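Participant: Just dropping this structure here.
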Amino acid sequence: MSGEAQTAGEYIKHHLQNLTYGKFPQGHEHAGQWGFAHNAQEAKEMGFMAIHVDTMFWSILLGVLFLYLFRKVAKTATTGVPGGMQNFVEMIVEFVDSSVKGAFSGRNAMVAPMALTIFIWVFLINAMDLVPVDWLPQVASLIGHHVFGMDPHHVYFKVVPSTDPNATFGMALAVFALTIFYSFKIKGPIGFASELTLHPFSSNNKILQLVFIPINFLLEFVALLAKPLSLSLRLYGNMFAGEMIFILIALMYGGGLALGIFGGVLQMGWAIFHVLIITLQAYIFMVLTIVYMDLAYQTGEEH
Amino acid sequence: MNINLTLIGQSITFALFVWFCYAFIWPPLINALAARKKQIADGLAAAERGEHEQELAKKKAAEQLKEAKGQAADIIAQAQKRANEIVDEAKDDARTEAERIKLGANAEIEQEVNRAREHLRKEVVVLAISGAEKVLKREVDTKAHAATLEELAAQL
């Protein structure tokens with residue numbers, strides 16, 4: 001627990017607040033200037049013109065770590081007997097490749113690398129959830145206090161980027177943009193438009209068909225938007241809930257020895273269970289991305 | 001949970017990571033995997049071929065062994081035949097030789113017998129004459145009775 005006189009509510013809120021760097025809004029003493037938000041209220045008032053430094057930092061760090069490790073293996077990949085690291089990387093690549101081959105029927109050299117990136121990146125990001133909830137925020141507050149001279153209470157630090165909807169929505173939006181792009185490219189504007197308007201209701205009667213078009217469009221458009229939303233919210237919700245439980249367990253450490261030990265056992269149990277969740281969520285994100293790309297590639301399908 | 005610029009930042013980051021993976025990570029790895037797969041397939045095919053060849057070689061070796069055994073049996077049979085022939089020839093030779101020696105020996109014996117008989121005949125003639133002289137108390141004219149005596153002696 002960081003800080004001396006912190007209530008449980010404050011502790012949880014502190015853990016759920018991102019380190020936000022943004023433009024102070026009108027009415028603030030530093031209005032128009034850029035700086036770190038000192039509390040949740042300020043962060044909220046910054047609106048869209050702000051960035052979550054912790055989310056960006058960890059996601060980029062982990063992404064670069066992934067790219068570095070895999071690039072190192074890729075550069076020295078031999079067709080002979082593979083070493084330990086190459087073996088591991090090849091196992092993942094093979095797994096992703098077979099997943100893509102199984103679910104994606106189109107021809108696009110980009111889908112498999114994207115699936116691999118999603119799988120490993122999301123997995124690494126999720127894996128940050130297993131680091132005890134106070135370690136990295138505590139380090140961050142020490143650095144913030146001693147290096148940047150900030151009030152340690154104002155150093156918010158969320159370690160797991162996938163508990164920040166910005167991160168999951170960001171990824172899902174990129175995937176969504178790709179599916180839209182390939183839908184246009186493969187089916188053509190007319191094909192795509194007809195897919196959105198001529199299903200699920202259709203009729204041979206021209207007038208009836210005209211009536212159906214807005215209804216179909218409404219249904220299909222909602223279904224279209226539901227894809228990125230469900231993709232990102234599934235990951236965000238799972239990771240947020242998992243993180244929340246870790247925070248609640250961490251609260252027990254302040255409740256005496258017996259409760260503390262109980263909390264330790266609970267944390268271990270939840271962490272072991274969470275290993276399954278983080279892997280599964282990474283896998284689901286990957287598979288759904290492949291499936292959405294496959295849908296973008298399917299032409300003339302009959303509902 | 002505030003939606004802000006992080007959203008766009010994450011999208012860009014994600015796109016860059018995917019691009020990097022697409023350009024520098026995926027191709028070498030998947031190529032290495034494909035190449036290894038081919039190598040293994042080739043190796044397995046070669047092993048199968050080798051096994052097949054071994055099978056053939058085994059069969060060939062068995063055939064050759066069988067042939068060699070047959071030849072060996074033939075040679076032994078011939079050798080045995082030849083040996084029997086040699087033995088038979090030797091037996092025949094020995095038999096003729098023995099026959100010859102026996103014939104020689106018989107002839108010699110005959111001669112010896114004849115000679116002894118001749119000698120005996122002469123002795124008998126002498127004895128007979130002396131006996132006759134004693135009986136007749138007179139000399140026998142050997143010359144006068146020579147023909148008779150000769151005749152006698154020949155009858156012995």
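We label chains A, B, ... in the order they appear in the structure tokens, count residues from 1 in each chain, and number ligands from 1 in the order shown.
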Return as a PyMOL selection string the residues belonging to chain B that are within 10 Å of chain A, counting only C-alpha atoms.
Facilitator: chain B and resi 1-40
Participant: Write a file of the selected residues as a PDB file, in the first residue's frame, keeping C-alpha atoms.
Facilitator:
```pdb
ATOM      1  CA  MET B   1     -11.193   4.664 -17.931  1.00  0.00           C
ATOM      2  CA  ASN B   2     -10.906   7.700 -20.097  1.00  0.00           C
ATOM      3  CA  ILE B   3     -10.732   7.316 -23.844  1.00  0.00           C
ATOM      4  CA  ASN B   4      -8.016   9.614 -25.142  1.00  0.00           C
ATOM      5  CA  LEU B   5      -5.009   9.854 -27.430  1.00  0.00           C
ATOM      6  CA  THR B   6      -3.724   6.565 -26.034  1.00  0.00           C
ATOM      7  CA  LEU B   7      -6.238   4.877 -28.309  1.00  0.00           C
ATOM      8  CA  ILE B   8      -4.595   6.280 -31.412  1.00  0.00           C
ATOM      9  CA  GLY B   9      -1.133   5.722 -29.995  1.00  0.00           C
ATOM     10  CA  GLN B  10      -1.926   2.083 -29.364  1.00  0.00           C
ATOM     11  CA  SER B  11      -3.353   1.635 -32.840  1.00  0.00           C
ATOM     12  CA  ILE B  12      -0.220   3.080 -34.413  1.00  0.00           C
ATOM     13  CA  THR B  13       2.036   1.030 -32.156  1.00  0.00           C
ATOM     14  CA  PHE B  14       0.111  -2.109 -33.022  1.00  0.00           C
ATOM     15  CA  ALA B  15       0.320  -1.378 -36.734  1.00  0.00           C
ATOM     16  CA  LEU B  16       4.073  -0.810 -36.500  1.00  0.00           C
ATOM     17  CA  PHE B  17       4.606  -4.027 -34.565  1.00  0.00           C
ATOM     18  CA  VAL B  18       2.556  -5.989 -37.072  1.00  0.00           C
ATOM     19  CA  TRP B  19       4.502  -4.465 -39.935  1.00  0.00           C
ATOM     20  CA  PHE B  20       7.824  -5.310 -38.306  1.00  0.00           C
ATOM     21  CA  CYS B  21       6.712  -8.846 -37.630  1.00  0.00           C
ATOM     22  CA  TYR B  22       5.416  -9.169 -41.195  1.00  0.00           C
ATOM     23  CA  ALA B  23       8.616  -7.810 -42.701  1.00  0.00           C
ATOM     24  CA  PHE B  24      11.409  -9.193 -40.525  1.00  0.00           C
ATOM     25  CA  ILE B  25      10.224 -11.984 -38.281  1.00  0.00           C
ATOM     26  CA  TRP B  26       7.646 -14.142 -39.972  1.00  0.00           C
ATOM     27  CA  PRO B  27       9.320 -14.889 -43.339  1.00  0.00           C
ATOM     28  CA  PRO B  28      12.683 -16.206 -42.048  1.00  0.00           C
ATOM     29  CA  LEU B  29      11.008 -18.326 -39.391  1.00  0.00           C
ATOM     30  CA  ILE B  30       8.372 -19.837 -41.636  1.00  0.00           C
ATOM     31  CA  ASN B  31      10.978 -20.418 -44.359  1.00  0.00           C
ATOM     32  CA  ALA B  32      13.244 -22.192 -41.912  1.00  0.00           C
ATOM     33  CA  LEU B  33      10.328 -24.339 -40.811  1.00  0.00           C
ATOM     34  CA  ALA B  34       9.381 -25.175 -44.380  1.00  0.00           C
ATOM     35  CA  ALA B  35      12.997 -25.969 -45.263  1.00  0.00           C
ATOM     36  CA  ARG B  36      13.367 -28.228 -42.234  1.00  0.00           C
ATOM     37  CA  LYS B  37      10.096 -29.940 -43.075  1.00  0.00           C
ATOM     38  CA  LYS B  38      11.411 -30.653 -46.549  1.00  0.00           C
ATOM     39  CA  GLN B  39      14.703 -31.896 -45.155  1.00  0.00           C
ATOM     40  CA  ILE B  40      12.941 -34.270 -42.821  1.00  0.00           C
TER      41      ILE B  40
END
```
Participant: One decimal, in Å: what's the spacing between atom CA of A:Ala296 and atom CA of A:Thr179?
Facilitator: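 Distance between the two atoms: 5.4 Å.
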Participant: Which of stretch 26-107 of chain A counts as helix (DSSP H, G or I) under DSSP, as a PyMOL selection string please?
Facilitator: chain A and resi 40-45+53-75+84-103
Participant: Mind giving me the straight-line distance from atom CA of A:Arg234 to atom CA of A:Thr279 in Å, one decimal?
Facilitator: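 So the answer is 13.5 Å.
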Participant: Excluding same-chain residues fewer than 4 positions from stretch 150-156 of chain B, what lies within 9 Å of it counting only C-alpha atoms, as a list in words?
Facilitator: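 Everything that qualifies: Arg117, Glu118, Arg121, Lys122, Val124, Val125, His145 and Ala146 of chain B.
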Participant: Would you mind exporting C-alpha atoms of the selected residues as a compact mmCIF listing (two decimals), in the first residue's frame?
Facilitator:
```
# COMPACT_ATOMS: atom_id res chain seq x y z
CA ARG B 117 61.33 -132.96 -63.91
CA GLU B 118 64.06 -133.01 -66.53
CA ARG B 121 64.08 -137.89 -65.52
CA LYS B 122 67.78 -137.99 -66.16
CA VAL B 124 65.60 -141.88 -63.20
CA VAL B 125 67.17 -142.94 -66.53
CA HIS B 145 68.98 -148.59 -76.20
CA ALA B 146 69.28 -144.87 -76.13
```
